[in-house]
Every structure is written in C-alpha cells, then in structure tokens.
Amino acid sequence: MGLLSGKKGIIFGVADKHSIAWGIAQSTAAAGARLAFTYQIERFRKNLAELTKDIANPLLLECDVTNDEQIEEVYRRVGEEFGTLDFVVHSVAHARREDLAGKFRDTSREGFKFALDVSAYSLIAVTRPAVALMPNGGSIVTMTYLGSERAMLGYNVMGVAKAALEANVRYLAADLGPLNIRVNALSAGPINTLAARGVPGFTDFAKYLREKAPLATKTDTAQLGDAALFLVSDLSRGITGETLYCDAGYHMVGG
Ligand code: NAD
C-alpha cells in the first residue's frame with residue numbers, strides 16, 4: 001500500500017515534462033494517489049494527455065487561474081468524479097517579461113496586478129472551493145522561491161508576488177487549521193523550466209548556486225516531488241503555515 005493509497009488530489013501547473021508539477025505528479029501517483037490535472041489553455045491539453053498516459057485514470061481539466069468560472073467548473077467536475085479531495089498542488093506563476101527584465105522601479109501598475117493575481121491571489125482562489133471537498137481535512141501545497149525574502153537579480157515583481165504567496169500560506173493555514181486543512185509552501189532551488197527561463201540571468205545564477213549550496217546536488221523535480229509527497233501525506237500532519245526549502249541548502253548559507 002502506497003503512502004497516498006485511496007487519496008485524491010488535483011495538480012495545477014503541469015506545462016511539460018520539465019515542470020515541477022510533473023515531478024510532484026510522478027511522486028504522488030507512484031504513492032497511490034488518484035490525480036486530476038489542469039492545463040492553462042486548450043492548446044496544452046494534447047501535451048498533458050500524452051504525458052499522463054501512464055497515470056491511472058487521470059482527469060484533465062482546463063483552468064486559467066485568473067478565471068473564476070473555470071475554477072468553479074474544475075471543482076464541480078472533481079466533486080462529481082472524486083467525491084472528496086485530499087490535496088491540492090498549486091504550481092503556477094507568471095509575470096510579464098518586461099517586469100522581470102527591467103529596473104524594479106519601472107514595474108507598471110498593470111504588470112504588478114497581473115503578477116500578483118496569477119502568482120499569489122490564485123492560491124486563495126483554488127483553495128476556497130477545495131474546502132467543501134475536504135470534510136475530513138486535507139493538504140494544500142504551493143511553490144515558492146527565495147526571491148520572496150531576498151532581492152534576487154532579475155526576479156523583481158515575482159519576488160513581491162512570492163512574498164504575498166507565502167503570507168497567503170500563513171493566513172490560509174490559520175483560517176483552515178480548525179478544519180484540519182493544512183497549507184504549506186515548498187521553496188525550490190533553480191530548475192530549468194519554461195517559467196525559470198523567463199527570469200533574466202537564470203542560467204548564471206543556477207550555476208552560482210550550485211557552487212555555493214552545501215549539498216553537491218542540483219535541485220531536480222524528483223526531489224521536489226518527494227518533498228511535496230511528504231507535505232501532502234499524513235507524515236506531515238503536524239505541519240502547517242510552513243515554507244520548506246528544497247534547494248540543496250542554499251537558503252541558509254552566507255556569502
Ligand atoms: P513551468 O513553466 O513548468 O510551470 C508554470 C505553470 O504555470 C505552467 O504550467 C503554466 O501553464 C502555469 N500558468 C501560468 N499562468 C497561468 C494561468 N494564468 N493559469 C493557469 N496556469 C498558469 O515552471 P515551473 O518552474 O515548474 O513553475 C512552477 C512553480 O514553481 C511556479 O510557481 C514557480 O514560480 C515555482 N518555482 C520555480 C522554480 C524554478 O527554478 N523553476 C524555483 C522556485 C519556484
């Protein structure tokens with residue numbers, strides 16, 4: 001029997017096989033979970049269907065996280081198919097390229113709102129309807145980055161969005177704790193994904209980090225998948241409102 005045997009989860013944010021969300025899907029599926037996946041736009045459905053062909057009975061649903069009607073429809077379908085839900089993985093973020101590449105002081109009002117809406121508010125939006133499907137409790141996990149607490153070159157408005165996201169985690173955890181629903185963030189070291197390639201200087205920084213991090217290992221999606229598996233399973237039942245770092249230890253070294 002797997003750690004997630006009989007459990008059901010929904011994963012937001014698989015774009016391709018390099019996505020962190022895909023690493024989480026592999027770990028949670030291997031542990032026995034039944035999974036639903038969302039894709040941002042119809043064009044991505046085919047890719048996701050191909051990727052998930054070896055996953056048992058996956059449910060694939062369209063969802064732009066800025067669209068409340070689509071979110072509602074996702075949970076209606078998940079409720080219909082699964083009855084109840086045990087975990088939600090939120091692995092979604094986006095900012096306009098010009099708001100990452102330029103000077104931080106030039107961040108536009110629209111760009112700020114966009115980044116915060118897609119990357120931070122969306123956690124609240126996908127958590128709220130999950131509550132009704134978690135009568136016996138559950139676990140919500142989101143993906144964050146050290147740029148929330150340190151001014152990282154090229155991260156700009158996304159750093160502000162991640163700070164808001166981590167605050168969302170704490171407030172949601174306080175709100176939902178009495179319902180035995182836990183909310184945690186997983187802070188990843190750099191991984192070469194579609195989203196990461198939008199961050200100027202990503203490759204150089206990833207190299208720098210590998211030289212400085214205590215563990216002589218590169219963060220990969222399998223490590224994040226297993227860390228997320230811990231957070232969505234009962235092994236972490238005493239943990240909520242936390243940011244867990246999976247970054248080869250880089251976050252705590254100086255210099
Ligand atoms: P990715 O590009 O594979 O995944 C990002 C996902 O966000 C994609 O599936 C994309 O479709 C989705 N998305 C963007 N806008 C959306 C919208 N409006 N509605 C629905 N979905 C939307 O990249 P990734 O690196 O796997 O990113 C996943 C998460 O991990 C993000 O929150 C990212 O900030 C975080 N993260 C990544 C790294 C890294 O180095 N790759 C490090 C720390 C944190």
# chains A, B, ... in the order shown; residues from 1 in each chain; ligands from 1

$ closest_atom_pairs --of "chain A" --to "ligand 1" --cutoff "7 Å" --atoms "only C-alpha atoms and all ligand atoms" --output "tab-separated table"
residue	atom	partner	partner_atom_place_in_ligand_line	distance
A:Phe12	CA	ligand 1	21 (N)	6.7
A:Gly13	CA	ligand 1	9 (O)	3.5
A:Val14	CA	ligand 1	9 (O)	4.3
A:Ala15	CA	ligand 1	9 (O)	3.7
A:Asp16	CA	ligand 1	3 (O)	6.1
A:His18	CA	ligand 1	3 (O)	6.0
A:Ser19	CA	ligand 1	3 (O)	3.4
A:Ile20	CA	ligand 1	26 (O)	3.8
A:Ala21	CA	ligand 1	26 (O)	5.7
A:Tyr39	CA	ligand 1	11 (O)	6.2
A:Gln40	CA	ligand 1	20 (C)	4.2
A:Cys63	CA	ligand 1	20 (C)	5.7
A:Asp64	CA	ligand 1	19 (N)	3.4
A:Val65	CA	ligand 1	19 (N)	4.0
A:Thr66	CA	ligand 1	18 (N)	5.5
A:Ser91	CA	ligand 1	29 (C)	4.1
A:Val92	CA	ligand 1	7 (O)	3.5
A:Ala93	CA	ligand 1	32 (O)	4.3
A:His94	CA	ligand 1	15 (N)	5.0
A:Val118	CA	ligand 1	18 (N)	5.3
A:Ser119	CA	ligand 1	32 (O)	6.6
A:Met143	CA	ligand 1	30 (O)	4.7
A:Thr144	CA	ligand 1	44 (C)	4.4
A:Tyr145	CA	ligand 1	43 (C)	4.1
A:Ser187	CA	ligand 1	43 (C)	5.8
A:Ala188	CA	ligand 1	43 (C)	4.1
A:Gly189	CA	ligand 1	42 (C)	5.2
A:Pro190	CA	ligand 1	40 (O)	3.2
A:Ile191	CA	ligand 1	40 (O)	3.8
A:Asn192	CA	ligand 1	41 (N)	5.6
A:Thr193	CA	ligand 1	25 (O)	4.7
A:Leu194	CA	ligand 1	2 (O)	3.9
A:Ala195	CA	ligand 1	2 (O)	3.7
A:Ala196	CA	ligand 1	41 (N)	4.6

$ select_by_dssp --residues "range 141-228 of chain A" --states "strand (DSSP E)" --output "ChimeraX atom specification"
/A:141-144,181-188

$ residues_around --residues "range 147-163 of chain A" --least-positions-apart "6" --cutoff "7 Å" --atoms "only C-alpha atoms" --output "PyMOL selection string"
chain A and resi 95+99-101+104+112+115-116+119-120+199-201

$ write_last_selection --atoms "N, CA and C atoms" --output "compact mmCIF listing (two decimals), in the first residue's frame"
# COMPACT_ATOMS: atom_id res chain seq x y z
N ALA A 95 4.68 36.34 -14.75
CA ALA A 95 4.80 37.81 -14.74
C ALA A 95 5.19 38.21 -16.15
N ASP A 99 8.57 43.11 -16.83
CA ASP A 99 8.59 43.40 -15.39
C ASP A 99 9.64 42.56 -14.66
N LEU A 100 10.22 41.60 -15.37
CA LEU A 100 11.33 40.83 -14.79
C LEU A 100 12.66 41.38 -15.28
N ALA A 101 12.68 41.78 -16.55
CA ALA A 101 13.95 42.18 -17.16
C ALA A 101 14.35 43.61 -16.83
N PHE A 104 13.45 47.45 -11.33
CA PHE A 104 12.28 47.18 -10.49
C PHE A 104 11.40 48.42 -10.36
N PHE A 112 2.22 44.70 -12.14
CA PHE A 112 2.20 44.32 -10.73
C PHE A 112 0.92 43.54 -10.43
N ALA A 115 0.99 40.00 -12.14
CA ALA A 115 1.88 39.03 -11.47
C ALA A 115 1.29 38.56 -10.14
N LEU A 116 0.75 39.51 -9.39
CA LEU A 116 0.18 39.16 -8.08
C LEU A 116 -1.11 38.34 -8.22
N SER A 119 0.02 34.75 -9.64
CA SER A 119 1.01 34.01 -8.85
C SER A 119 0.72 33.95 -7.35
N ALA A 120 -0.12 34.86 -6.85
CA ALA A 120 -0.39 34.87 -5.41
C ALA A 120 -1.88 34.74 -5.10
N VAL A 199 13.19 34.17 -16.46
CA VAL A 199 13.88 35.02 -15.47
C VAL A 199 15.27 35.37 -16.02
N PRO A 200 15.54 36.66 -16.29
CA PRO A 200 16.83 37.03 -16.85
C PRO A 200 17.99 36.57 -15.95
N GLY A 201 19.04 36.03 -16.54
CA GLY A 201 20.22 35.62 -15.76
C GLY A 201 20.03 34.30 -15.05

$ closest_atom_pairs --of "range 111-152 of chain A" --to "range 208-229 of chain A" --cutoff "10 Å" --atoms "only C-alpha atoms" --output "tab-separated table"
residue	atom	partner	partner_atom	distance
A:Ile140	CA	A:Ala228	CA	9.8
A:Val141	CA	A:Ala228	CA	7.2
A:Thr142	CA	A:Ala228	CA	9.0
A:Met143	CA	A:Ala228	CA	9.4

$ closest_residue --among "A:Glu62, A:Leu231, A:Leu133, A:Ser236" --to "Arg43 in chain A" --atoms "only C-alpha atoms"
A:Glu62

$ select_by_dssp --residues "range 45-155 of chain A" --states "alpha helix (DSSP H)" --output "NGL selection string"
:A and (45-51 or 68-82 or 97-101 or 109-116 or 122-131)

$ closest_residue --among "A:His90, A:Ala31, A:Arg96, A:Arg170" --to "Phe114 in chain A" --atoms "only C-alpha atoms"
A:Arg96

$ atom_distance --atom1 "CA of Gly79 in chain A" --atom2 "CA of Asp234 in chain A"
21.8 Å

$ closest_residue --among "A:Leu179, A:Val74, A:Leu123, A:Val232" --to "Ala25 in chain A" --atoms "only C-alpha atoms"
A:Val232

$ residues_around --residues "Leu61 in chain A" --least-positions-apart "2" --cutoff "12 Å" --atoms "only C-alpha atoms" --output "PyMOL selection string"
chain A and resi 10-14+35-42+44-46+48-49+58-59+63-65+70-78+81

$ write_last_selection --atoms "C-alpha atoms" --output "short mmCIF file (atom, residue, chain, number, x, y, z; two decimals), in the first residue's frame"
data_model
loop_
_atom_site.label_atom_id
_atom_site.label_comp_id
_atom_site.auth_asym_id
_atom_site.auth_seq_id
_atom_site.Cartn_x
_atom_site.Cartn_y
_atom_site.Cartn_z
CA ILE A 10 -5.55 17.95 -8.02
CA ILE A 11 -2.40 19.38 -9.58
CA PHE A 12 -2.36 22.85 -11.14
CA GLY A 13 0.68 23.71 -13.28
CA VAL A 14 1.97 20.88 -15.44
CA LEU A 35 -4.99 12.64 -9.76
CA ALA A 36 -6.74 15.43 -11.63
CA PHE A 37 -4.65 17.86 -13.67
CA THR A 38 -5.40 21.30 -15.03
CA TYR A 39 -3.95 22.92 -18.14
CA GLN A 40 -3.91 26.66 -18.74
CA ILE A 41 -5.27 26.75 -22.29
CA GLU A 42 -6.82 24.23 -24.68
CA PHE A 44 -1.79 22.46 -23.82
CA ARG A 45 -4.32 19.63 -23.44
CA LYS A 46 -2.71 17.33 -26.02
CA LEU A 48 -0.79 16.81 -20.94
CA ALA A 49 -2.80 13.86 -22.30
CA PRO A 58 -6.27 10.98 -14.91
CA LEU A 59 -8.88 13.72 -15.06
CA CYS A 63 -8.22 26.17 -15.99
CA ASP A 64 -6.76 29.63 -16.26
CA VAL A 65 -6.36 30.55 -12.58
CA GLN A 70 -13.18 27.89 -14.89
CA ILE A 71 -12.01 27.30 -11.32
CA GLU A 72 -15.59 26.66 -10.25
CA GLU A 73 -16.08 24.21 -13.13
CA VAL A 74 -12.85 22.36 -12.21
CA TYR A 75 -14.10 21.75 -8.67
CA ARG A 76 -17.59 20.83 -9.88
CA ARG A 77 -16.05 18.13 -12.11
CA VAL A 78 -13.61 16.97 -9.41
CA GLU A 81 -15.65 12.33 -10.27
#

$ atom_distance --atom1 "CA of Leu186 in chain A" --atom2 "CA of Cys246 in chain A"
6.9 Å

$ closest_residue --among "A:Lys8, A:Met1, A:Glu166, A:Ala56" --to "Val89 in chain A" --atoms "only C-alpha atoms"
A:Lys8

$ closest_residue --among "A:Glu242, A:Glu69, A:Asp106, A:Asp54" --to "Val169 in chain A" --atoms "only C-alpha atoms"
A:Glu242

$ atom_distance --atom1 "CA of Phe205 in chain A" --atom2 "CA of Leu165 in chain A"
22.5 Å

$ closest_residue --among "A:Asn184, A:Thr203, A:Ser122, A:Ser233" --to "Asp68 in chain A" --atoms "only C-alpha atoms"
A:Ser122
